[in-house]
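Engineer: Data file work_32.txt (compact mmCIF, N, CA and C atoms) is appended below.
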```txt
# COMPACT_ATOMS: atom_id res chain seq x y z
N MET A 1 13.11 -44.17 1.78
CA MET A 1 12.15 -43.08 1.72
C MET A 1 10.90 -43.58 1.00
N HIS A 2 9.77 -43.27 1.57
CA HIS A 2 8.50 -43.66 0.97
C HIS A 2 8.26 -42.88 -0.32
N HIS A 3 7.50 -43.48 -1.21
CA HIS A 3 7.16 -42.87 -2.49
C HIS A 3 6.50 -41.49 -2.29
N GLU A 4 5.57 -41.39 -1.31
CA GLU A 4 4.87 -40.12 -1.06
C GLU A 4 5.83 -39.03 -0.61
N GLN A 5 6.80 -39.40 0.24
CA GLN A 5 7.77 -38.42 0.73
C GLN A 5 8.63 -37.91 -0.42
N ARG A 6 9.06 -38.82 -1.29
CA ARG A 6 9.89 -38.42 -2.43
C ARG A 6 9.10 -37.47 -3.35
N ASP A 7 7.83 -37.78 -3.60
CA ASP A 7 7.01 -36.92 -4.44
C ASP A 7 6.83 -35.53 -3.82
N SER A 8 6.66 -35.48 -2.49
CA SER A 8 6.46 -34.17 -1.84
C SER A 8 7.74 -33.35 -1.92
N LEU A 9 8.90 -33.99 -1.88
CA LEU A 9 10.16 -33.27 -2.01
C LEU A 9 10.31 -32.71 -3.42
N VAL A 10 9.82 -33.44 -4.40
CA VAL A 10 9.91 -32.99 -5.78
C VAL A 10 8.99 -31.79 -6.01
N THR A 11 7.82 -31.80 -5.41
CA THR A 11 6.86 -30.73 -5.68
C THR A 11 7.06 -29.51 -4.78
N ASN A 12 7.83 -29.58 -3.71
CA ASN A 12 8.00 -28.44 -2.83
C ASN A 12 8.47 -27.18 -3.55
N PRO A 13 9.47 -27.25 -4.43
CA PRO A 13 9.86 -26.03 -5.13
C PRO A 13 8.73 -25.44 -5.97
N ASP A 14 7.90 -26.31 -6.56
CA ASP A 14 6.75 -25.83 -7.33
C ASP A 14 5.74 -25.14 -6.42
N ILE A 15 5.50 -25.71 -5.27
CA ILE A 15 4.57 -25.11 -4.31
C ILE A 15 5.13 -23.78 -3.82
N GLU A 16 6.41 -23.74 -3.54
CA GLU A 16 7.04 -22.49 -3.08
C GLU A 16 6.98 -21.41 -4.15
N ARG A 17 7.22 -21.78 -5.41
CA ARG A 17 7.13 -20.81 -6.51
C ARG A 17 5.71 -20.28 -6.67
N LYS A 18 4.72 -21.17 -6.56
CA LYS A 18 3.32 -20.76 -6.68
C LYS A 18 2.95 -19.83 -5.52
N ALA A 19 3.39 -20.15 -4.32
CA ALA A 19 3.11 -19.29 -3.16
C ALA A 19 3.79 -17.93 -3.33
N ALA A 20 5.02 -17.93 -3.82
CA ALA A 20 5.74 -16.67 -4.05
C ALA A 20 5.05 -15.85 -5.13
N ALA A 21 4.56 -16.50 -6.17
CA ALA A 21 3.84 -15.80 -7.24
C ALA A 21 2.56 -15.18 -6.71
N ASN A 22 1.81 -15.95 -5.92
CA ASN A 22 0.58 -15.42 -5.34
C ASN A 22 0.87 -14.24 -4.42
N MET A 23 1.90 -14.37 -3.60
CA MET A 23 2.26 -13.29 -2.68
C MET A 23 2.69 -12.05 -3.44
N ALA A 24 3.45 -12.22 -4.51
CA ALA A 24 3.89 -11.07 -5.31
C ALA A 24 2.69 -10.34 -5.90
N LYS A 25 1.72 -11.09 -6.39
CA LYS A 25 0.54 -10.47 -6.99
C LYS A 25 -0.32 -9.76 -5.94
N ILE A 26 -0.49 -10.40 -4.78
CA ILE A 26 -1.27 -9.79 -3.70
C ILE A 26 -0.60 -8.50 -3.23
N LEU A 27 0.70 -8.55 -3.00
CA LEU A 27 1.43 -7.35 -2.56
C LEU A 27 1.33 -6.23 -3.60
N THR A 28 1.42 -6.60 -4.86
CA THR A 28 1.31 -5.60 -5.93
C THR A 28 -0.07 -4.96 -5.94
N ALA A 29 -1.11 -5.78 -5.84
CA ALA A 29 -2.47 -5.25 -5.85
C ALA A 29 -2.74 -4.36 -4.63
N MET A 30 -2.33 -4.82 -3.46
CA MET A 30 -2.61 -4.09 -2.23
C MET A 30 -1.73 -2.87 -2.04
N CYS A 31 -0.47 -2.99 -2.39
CA CYS A 31 0.51 -1.99 -1.98
C CYS A 31 1.00 -1.08 -3.10
N VAL A 32 0.75 -1.44 -4.35
CA VAL A 32 1.22 -0.63 -5.47
C VAL A 32 0.06 -0.19 -6.36
N ARG A 33 -0.71 -1.13 -6.83
CA ARG A 33 -1.75 -0.83 -7.83
C ARG A 33 -2.78 0.16 -7.31
N ASN A 34 -3.33 -0.09 -6.16
CA ASN A 34 -4.41 0.75 -5.63
C ASN A 34 -3.86 1.85 -4.73
N THR A 35 -3.02 2.69 -5.31
CA THR A 35 -2.41 3.81 -4.61
C THR A 35 -2.59 5.06 -5.46
N THR A 36 -1.79 6.07 -5.21
CA THR A 36 -1.83 7.28 -6.04
C THR A 36 -1.43 6.97 -7.48
N LEU A 37 -0.88 5.80 -7.72
CA LEU A 37 -0.58 5.37 -9.08
C LEU A 37 -1.85 5.39 -9.93
N GLU A 38 -2.98 5.03 -9.32
CA GLU A 38 -4.26 5.06 -10.04
C GLU A 38 -4.60 6.48 -10.49
N ASP A 39 -4.31 7.47 -9.64
CA ASP A 39 -4.57 8.87 -10.01
C ASP A 39 -3.71 9.27 -11.20
N MET A 40 -2.46 8.79 -11.22
CA MET A 40 -1.55 9.11 -12.32
C MET A 40 -1.98 8.42 -13.61
N HIS A 41 -2.68 7.33 -13.45
CA HIS A 41 -3.12 6.53 -14.59
C HIS A 41 -4.36 7.11 -15.26
N THR A 42 -5.10 7.95 -14.52
CA THR A 42 -6.31 8.53 -15.10
C THR A 42 -5.94 9.65 -16.07
N GLY A 43 -6.85 10.02 -16.88
CA GLY A 43 -6.62 11.10 -17.84
C GLY A 43 -6.69 10.60 -19.26
N ILE A 44 -6.39 11.51 -20.16
CA ILE A 44 -6.45 11.21 -21.59
C ILE A 44 -5.11 10.65 -22.05
N VAL A 45 -5.15 9.52 -22.68
CA VAL A 45 -3.93 8.91 -23.24
C VAL A 45 -3.72 9.51 -24.63
N PRO A 46 -2.51 10.05 -24.90
CA PRO A 46 -2.27 10.64 -26.22
C PRO A 46 -2.40 9.60 -27.34
N ILE A 47 -2.83 10.06 -28.48
CA ILE A 47 -2.94 9.19 -29.65
C ILE A 47 -1.56 9.12 -30.32
N THR A 48 -1.18 7.91 -30.67
CA THR A 48 0.07 7.70 -31.39
C THR A 48 -0.22 6.87 -32.63
N HIS A 49 0.40 7.25 -33.73
CA HIS A 49 0.24 6.48 -34.97
C HIS A 49 1.40 5.51 -35.16
N THR A 50 2.50 5.75 -34.45
CA THR A 50 3.67 4.87 -34.57
C THR A 50 3.62 3.71 -33.58
N GLY A 51 2.83 3.87 -32.53
CA GLY A 51 2.73 2.82 -31.52
C GLY A 51 3.75 2.96 -30.40
N ASP A 52 4.81 3.74 -30.62
CA ASP A 52 5.83 3.91 -29.59
C ASP A 52 5.87 5.33 -29.02
N TYR A 53 4.89 6.15 -29.41
CA TYR A 53 4.74 7.54 -28.95
C TYR A 53 5.84 8.47 -29.45
N SER A 54 6.67 8.02 -30.38
CA SER A 54 7.72 8.90 -30.92
C SER A 54 7.12 10.04 -31.74
N ASP A 55 5.86 9.92 -32.13
CA ASP A 55 5.19 10.96 -32.90
C ASP A 55 4.38 11.92 -32.01
N VAL A 56 4.42 11.73 -30.70
CA VAL A 56 3.67 12.58 -29.76
C VAL A 56 4.58 13.69 -29.26
N ARG A 57 4.07 14.91 -29.25
CA ARG A 57 4.82 16.08 -28.78
C ARG A 57 4.05 16.73 -27.63
N ILE A 58 4.80 17.28 -26.70
CA ILE A 58 4.23 17.99 -25.56
C ILE A 58 4.79 19.40 -25.58
N ILE A 59 3.96 20.39 -25.32
CA ILE A 59 4.42 21.77 -25.22
C ILE A 59 4.19 22.21 -23.79
N ASP A 60 5.29 22.62 -23.10
CA ASP A 60 5.14 23.03 -21.70
C ASP A 60 4.71 24.49 -21.61
N ALA A 61 4.56 24.98 -20.39
CA ALA A 61 4.05 26.33 -20.15
C ALA A 61 4.96 27.42 -20.71
N ASN A 62 6.24 27.11 -20.92
CA ASN A 62 7.17 28.08 -21.50
C ASN A 62 7.21 28.00 -23.02
N GLY A 63 6.42 27.10 -23.59
CA GLY A 63 6.39 26.94 -25.04
C GLY A 63 7.44 25.98 -25.57
N THR A 64 8.15 25.32 -24.68
CA THR A 64 9.16 24.34 -25.10
C THR A 64 8.48 23.06 -25.56
N GLU A 65 8.83 22.62 -26.76
CA GLU A 65 8.27 21.39 -27.29
C GLU A 65 9.18 20.23 -26.92
N LEU A 66 8.58 19.19 -26.37
CA LEU A 66 9.31 18.00 -25.96
C LEU A 66 8.72 16.78 -26.66
N SER A 67 9.57 15.80 -26.96
CA SER A 67 9.03 14.53 -27.43
C SER A 67 8.51 13.78 -26.21
N TRP A 68 7.63 12.85 -26.46
CA TRP A 68 7.07 12.05 -25.37
C TRP A 68 8.17 11.38 -24.55
N ASP A 69 9.20 10.88 -25.22
CA ASP A 69 10.30 10.21 -24.52
C ASP A 69 11.07 11.16 -23.62
N GLN A 70 11.17 12.44 -24.00
CA GLN A 70 11.91 13.41 -23.19
C GLN A 70 11.15 13.85 -21.94
N ALA A 71 9.85 13.78 -21.99
CA ALA A 71 9.02 14.30 -20.90
C ALA A 71 9.00 13.33 -19.72
N SER A 72 9.16 13.88 -18.54
CA SER A 72 9.00 13.09 -17.33
C SER A 72 7.52 12.75 -17.18
N LYS A 73 7.23 11.56 -16.76
CA LYS A 73 5.84 11.15 -16.59
C LYS A 73 5.37 11.33 -15.15
N ILE A 74 6.29 11.62 -14.23
CA ILE A 74 5.95 11.81 -12.83
C ILE A 74 6.94 12.81 -12.23
N ASN A 75 6.43 13.77 -11.47
CA ASN A 75 7.32 14.75 -10.86
C ASN A 75 7.84 14.23 -9.52
N ASP A 76 8.83 14.91 -8.97
CA ASP A 76 9.46 14.46 -7.72
C ASP A 76 8.48 14.38 -6.55
N ALA A 77 7.60 15.37 -6.44
CA ALA A 77 6.64 15.37 -5.34
C ALA A 77 5.69 14.17 -5.42
N ASP A 78 5.19 13.89 -6.62
CA ASP A 78 4.30 12.74 -6.79
C ASP A 78 5.04 11.42 -6.57
N MET A 79 6.30 11.36 -7.00
CA MET A 79 7.10 10.15 -6.77
C MET A 79 7.29 9.92 -5.27
N LYS A 80 7.55 10.97 -4.53
CA LYS A 80 7.73 10.85 -3.09
C LYS A 80 6.44 10.33 -2.43
N ILE A 81 5.31 10.90 -2.83
CA ILE A 81 4.02 10.45 -2.28
C ILE A 81 3.78 8.98 -2.62
N LEU A 82 4.04 8.61 -3.85
CA LEU A 82 3.84 7.22 -4.28
C LEU A 82 4.73 6.26 -3.48
N MET A 83 6.01 6.59 -3.34
CA MET A 83 6.92 5.71 -2.61
C MET A 83 6.53 5.61 -1.14
N LYS A 84 6.12 6.73 -0.53
CA LYS A 84 5.69 6.72 0.87
C LYS A 84 4.45 5.85 1.04
N THR A 85 3.52 5.97 0.13
CA THR A 85 2.30 5.16 0.20
C THR A 85 2.63 3.67 0.08
N ILE A 86 3.51 3.32 -0.85
CA ILE A 86 3.87 1.91 -1.04
C ILE A 86 4.58 1.38 0.21
N VAL A 87 5.52 2.14 0.75
CA VAL A 87 6.24 1.72 1.97
C VAL A 87 5.25 1.54 3.12
N ASP A 88 4.34 2.50 3.30
CA ASP A 88 3.36 2.39 4.39
C ASP A 88 2.48 1.16 4.23
N ARG A 89 2.07 0.87 3.01
CA ARG A 89 1.21 -0.30 2.79
C ARG A 89 1.97 -1.61 2.97
N LEU A 90 3.21 -1.65 2.51
CA LEU A 90 4.02 -2.85 2.74
C LEU A 90 4.23 -3.06 4.24
N TYR A 91 4.54 -2.00 4.95
CA TYR A 91 4.72 -2.08 6.40
C TYR A 91 3.45 -2.62 7.05
N THR A 92 2.31 -2.07 6.67
CA THR A 92 1.03 -2.52 7.22
C THR A 92 0.82 -4.00 6.94
N PHE A 93 1.15 -4.42 5.71
CA PHE A 93 1.00 -5.83 5.35
C PHE A 93 1.82 -6.71 6.29
N PHE A 94 3.05 -6.31 6.56
CA PHE A 94 3.93 -7.15 7.37
C PHE A 94 3.59 -7.13 8.85
N VAL A 95 3.06 -6.03 9.37
CA VAL A 95 2.78 -5.98 10.81
C VAL A 95 1.37 -6.43 11.17
N GLN A 96 0.47 -6.51 10.21
CA GLN A 96 -0.91 -6.90 10.53
C GLN A 96 -1.28 -8.27 10.00
N GLY A 97 -0.31 -9.06 9.67
CA GLY A 97 -0.58 -10.36 9.04
C GLY A 97 -1.46 -11.30 9.82
N GLU A 98 -1.52 -11.19 11.14
CA GLU A 98 -2.30 -12.13 11.95
C GLU A 98 -3.71 -11.63 12.26
N ASP A 99 -4.02 -10.40 11.95
CA ASP A 99 -5.34 -9.83 12.23
C ASP A 99 -6.37 -10.45 11.27
N PRO A 100 -7.43 -11.10 11.80
CA PRO A 100 -8.41 -11.75 10.93
C PRO A 100 -9.07 -10.78 9.94
N ARG A 101 -9.29 -9.53 10.35
CA ARG A 101 -9.89 -8.55 9.43
C ARG A 101 -8.93 -8.27 8.29
N PHE A 102 -7.66 -8.20 8.62
CA PHE A 102 -6.66 -7.95 7.59
C PHE A 102 -6.55 -9.15 6.66
N GLU A 103 -6.66 -10.35 7.21
CA GLU A 103 -6.62 -11.56 6.39
C GLU A 103 -7.77 -11.56 5.38
N GLN A 104 -8.93 -11.00 5.74
CA GLN A 104 -10.04 -10.89 4.80
C GLN A 104 -9.68 -9.94 3.65
N THR A 105 -8.98 -8.87 3.98
CA THR A 105 -8.53 -7.92 2.95
C THR A 105 -7.55 -8.60 2.01
N VAL A 106 -6.62 -9.34 2.58
CA VAL A 106 -5.64 -10.07 1.76
C VAL A 106 -6.36 -11.05 0.85
N ASP A 107 -7.33 -11.75 1.37
CA ASP A 107 -8.08 -12.72 0.56
C ASP A 107 -8.83 -12.01 -0.57
N TYR A 108 -9.38 -10.84 -0.30
CA TYR A 108 -10.05 -10.07 -1.35
C TYR A 108 -9.08 -9.76 -2.48
N TYR A 109 -7.88 -9.25 -2.14
CA TYR A 109 -6.91 -8.92 -3.18
C TYR A 109 -6.38 -10.17 -3.88
N ARG A 110 -6.30 -11.28 -3.16
CA ARG A 110 -5.90 -12.54 -3.80
C ARG A 110 -6.89 -12.89 -4.90
N ARG A 111 -8.18 -12.77 -4.59
CA ARG A 111 -9.21 -13.07 -5.60
C ARG A 111 -9.14 -12.09 -6.77
N CYS A 112 -8.80 -10.84 -6.49
CA CYS A 112 -8.68 -9.83 -7.57
C CYS A 112 -7.57 -10.17 -8.55
N THR A 113 -6.57 -10.90 -8.09
CA THR A 113 -5.40 -11.18 -8.94
C THR A 113 -5.45 -12.54 -9.62
N LEU A 114 -6.52 -13.27 -9.44
CA LEU A 114 -6.59 -14.62 -10.01
C LEU A 114 -6.41 -14.65 -11.52
N GLN A 115 -6.85 -13.61 -12.21
CA GLN A 115 -6.74 -13.58 -13.67
C GLN A 115 -5.47 -12.90 -14.17
N TRP A 116 -4.64 -12.44 -13.26
CA TRP A 116 -3.38 -11.79 -13.67
C TRP A 116 -2.42 -12.82 -14.25
N ASP A 117 -1.52 -12.35 -15.09
CA ASP A 117 -0.45 -13.22 -15.61
C ASP A 117 0.44 -13.68 -14.47
N GLU A 118 1.02 -14.83 -14.65
CA GLU A 118 1.98 -15.33 -13.66
C GLU A 118 3.27 -14.51 -13.78
N PRO A 119 3.91 -14.22 -12.65
CA PRO A 119 5.16 -13.46 -12.71
C PRO A 119 6.27 -14.29 -13.33
N GLU A 120 7.23 -13.59 -13.89
CA GLU A 120 8.41 -14.24 -14.45
C GLU A 120 9.63 -13.69 -13.72
N PRO A 121 10.59 -14.54 -13.42
CA PRO A 121 11.80 -14.06 -12.74
C PRO A 121 12.50 -12.99 -13.58
N GLU A 122 12.86 -11.93 -12.93
CA GLU A 122 13.58 -10.85 -13.60
C GLU A 122 14.76 -10.47 -12.71
N ILE A 123 15.93 -10.74 -13.21
CA ILE A 123 17.14 -10.43 -12.44
C ILE A 123 17.54 -9.00 -12.74
N ASP A 124 17.52 -8.18 -11.70
CA ASP A 124 17.92 -6.78 -11.84
C ASP A 124 19.41 -6.69 -11.53
N HIS A 125 20.21 -6.58 -12.57
CA HIS A 125 21.66 -6.57 -12.39
C HIS A 125 22.15 -5.32 -11.69
N THR A 126 21.33 -4.28 -11.60
CA THR A 126 21.75 -3.08 -10.86
C THR A 126 21.73 -3.33 -9.36
N LEU A 127 21.08 -4.41 -8.93
CA LEU A 127 21.03 -4.72 -7.51
C LEU A 127 22.22 -5.57 -7.06
N LYS A 128 23.10 -5.91 -7.99
CA LYS A 128 24.27 -6.71 -7.64
C LYS A 128 25.09 -5.95 -6.61
N ARG A 129 25.66 -6.70 -5.74
CA ARG A 129 26.50 -6.13 -4.70
C ARG A 129 27.79 -5.60 -5.30
N LYS A 130 28.12 -4.40 -4.94
CA LYS A 130 29.36 -3.80 -5.44
C LYS A 130 30.49 -4.16 -4.49
N THR A 131 31.58 -4.64 -5.06
CA THR A 131 32.72 -5.03 -4.21
C THR A 131 33.86 -4.07 -4.36
```
Starting from the file, give its structure as structure tokens.
Structural biologist:
Amino acid sequence: MHHEQRDSLVTNPDIERKAAANMAKILTAMCVRNTTLEDMHTGIVPITHTGDYSDVRIIDANGTELSWDQASKINDADMKILMKTIVDRLYTFFVQGEDPRFEQTVDYYRRCTLQWDEPEPEIDHTLKRKT
């Protein structure tokens, strides 16, 4: 085996990881970040002196006082809209991959994510197959 071939075999996993990281960031920017999630993100952020919001209280329309941890941050209707939007955008990403106009959009979001942190592998043990 030539020296160049051996070096390319060594770097392929690095190239694949970098490509996967870029793809994860692009998909996140296109399909998750710029959705109704942005609407949920707007508004006034409560002030906390503890840093963990354990000192923040919410009073609902019935006068029930809840701690920040007890309060839901998203209702079922908004969650449904968010999930539908994400699924629709992911679907669009996968079916329009060859369209040059769409490729320009992907490139725009790629540039938007250049300053983002690199992803880190996170194993979700709840996704393990149940036997």
Engineer: Point out the residue among A:Met79, A:Ala71, A:Val106, A:Leu66 with the least atom-to-atom distance to Thr92 (chain A), counting only C-alpha atoms.
Structural biologist: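 Going through A:Met79, A:Ala71, A:Val106, A:Leu66 one by one, the smallest distance to Thr92 (chain A) is for A:Val106.
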Engineer: Can you list, as number ranges by chain, every residue of chain A that DSSP puts in helix (DSSP H, G or I)?
Structural biologist: A: 3-33, 36-41, 76-95, 100-112, 125-127
Engineer: Listing only residues of region 43-121 of chain A within 6.5 Å of region 31-35 of chain A, what is the closest atom pair and its distance in Å (to one decimal) for each, using only N, CA and C atoms, sorted by chain and residue number ascending, as a tab-separated table?
Structural biologist:
```
residue	atom	partner	partner_atom	distance
A:Thr85	C	A:Cys31	C	5.9
A:Ile86	CA	A:Cys31	C	4.6
A:Arg89	CA	A:Cys31	CA	5.1
A:Leu90	N	A:Cys31	CA	5.3
```
Engineer: From a DSSP pass on the backbone, collect the residues of chain A flagged as strand (DSSP E or B) and hand them back as a ChimeraX atom specification.
Structural biologist: /A:57-59,65-67
Engineer: So how many Å separate CA of Pro121 (chain A) and CA of Asp107 (chain A), to one decimal?
Structural biologist: 24.0 Å
Engineer: Record the distance separating atom N of Asp52 (chain A) and atom N of Ser67 (chain A), expressed in Å with one decimal.
Structural biologist: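 These two atoms are separated by 13.5 Å.
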Engineer: Please report the interatomic distance between CA of Ala61 (chain A) and atom N of Glu38 (chain A) in Å with one decimal.
Structural biologist: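 For CA of Ala61 (chain A) relative to atom N of Glu38 (chain A), the distance reads 24.9 Å.
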Engineer: Kindly indicate which residue among A:Asp117, A:Glu122, A:Lys80, A:Thr105 lies nearest to Thr36 (chain A), using only C-alpha atoms for the distances.
Structural biologist: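 The closest residue to Thr36 (chain A) is A:Lys80.
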Engineer: Nearest to Ser54 (chain A): which of A:Ala19, A:Tyr108, A:Ala29, A:Trp68 is it, counting only N, CA and C atoms?
Structural biologist: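 Counting only N, CA and C atoms, the residue closest to Ser54 (chain A) is A:Trp68.
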Engineer: I'd like the neighbourhood of Ala21 (chain A) as an MDAnalysis selection string, where a residue qualifies if any of its atoms comes within 8 Å (using all atoms listed in the file), though same-chain residues fewer than 6 positions away should be ignored.
Structural biologist: chainID A and resid 15 27 118:120
Engineer: For each of A:Arg111, A:Asp69, A:Thr126, A:Pro13, take the minimum atom-to-atom distance to Tyr53 (chain A), counting only N, CA and C atoms, then give the residue where this is smallest.
Structural biologist: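 Under the stated criterion, the closest residue is A:Asp69.
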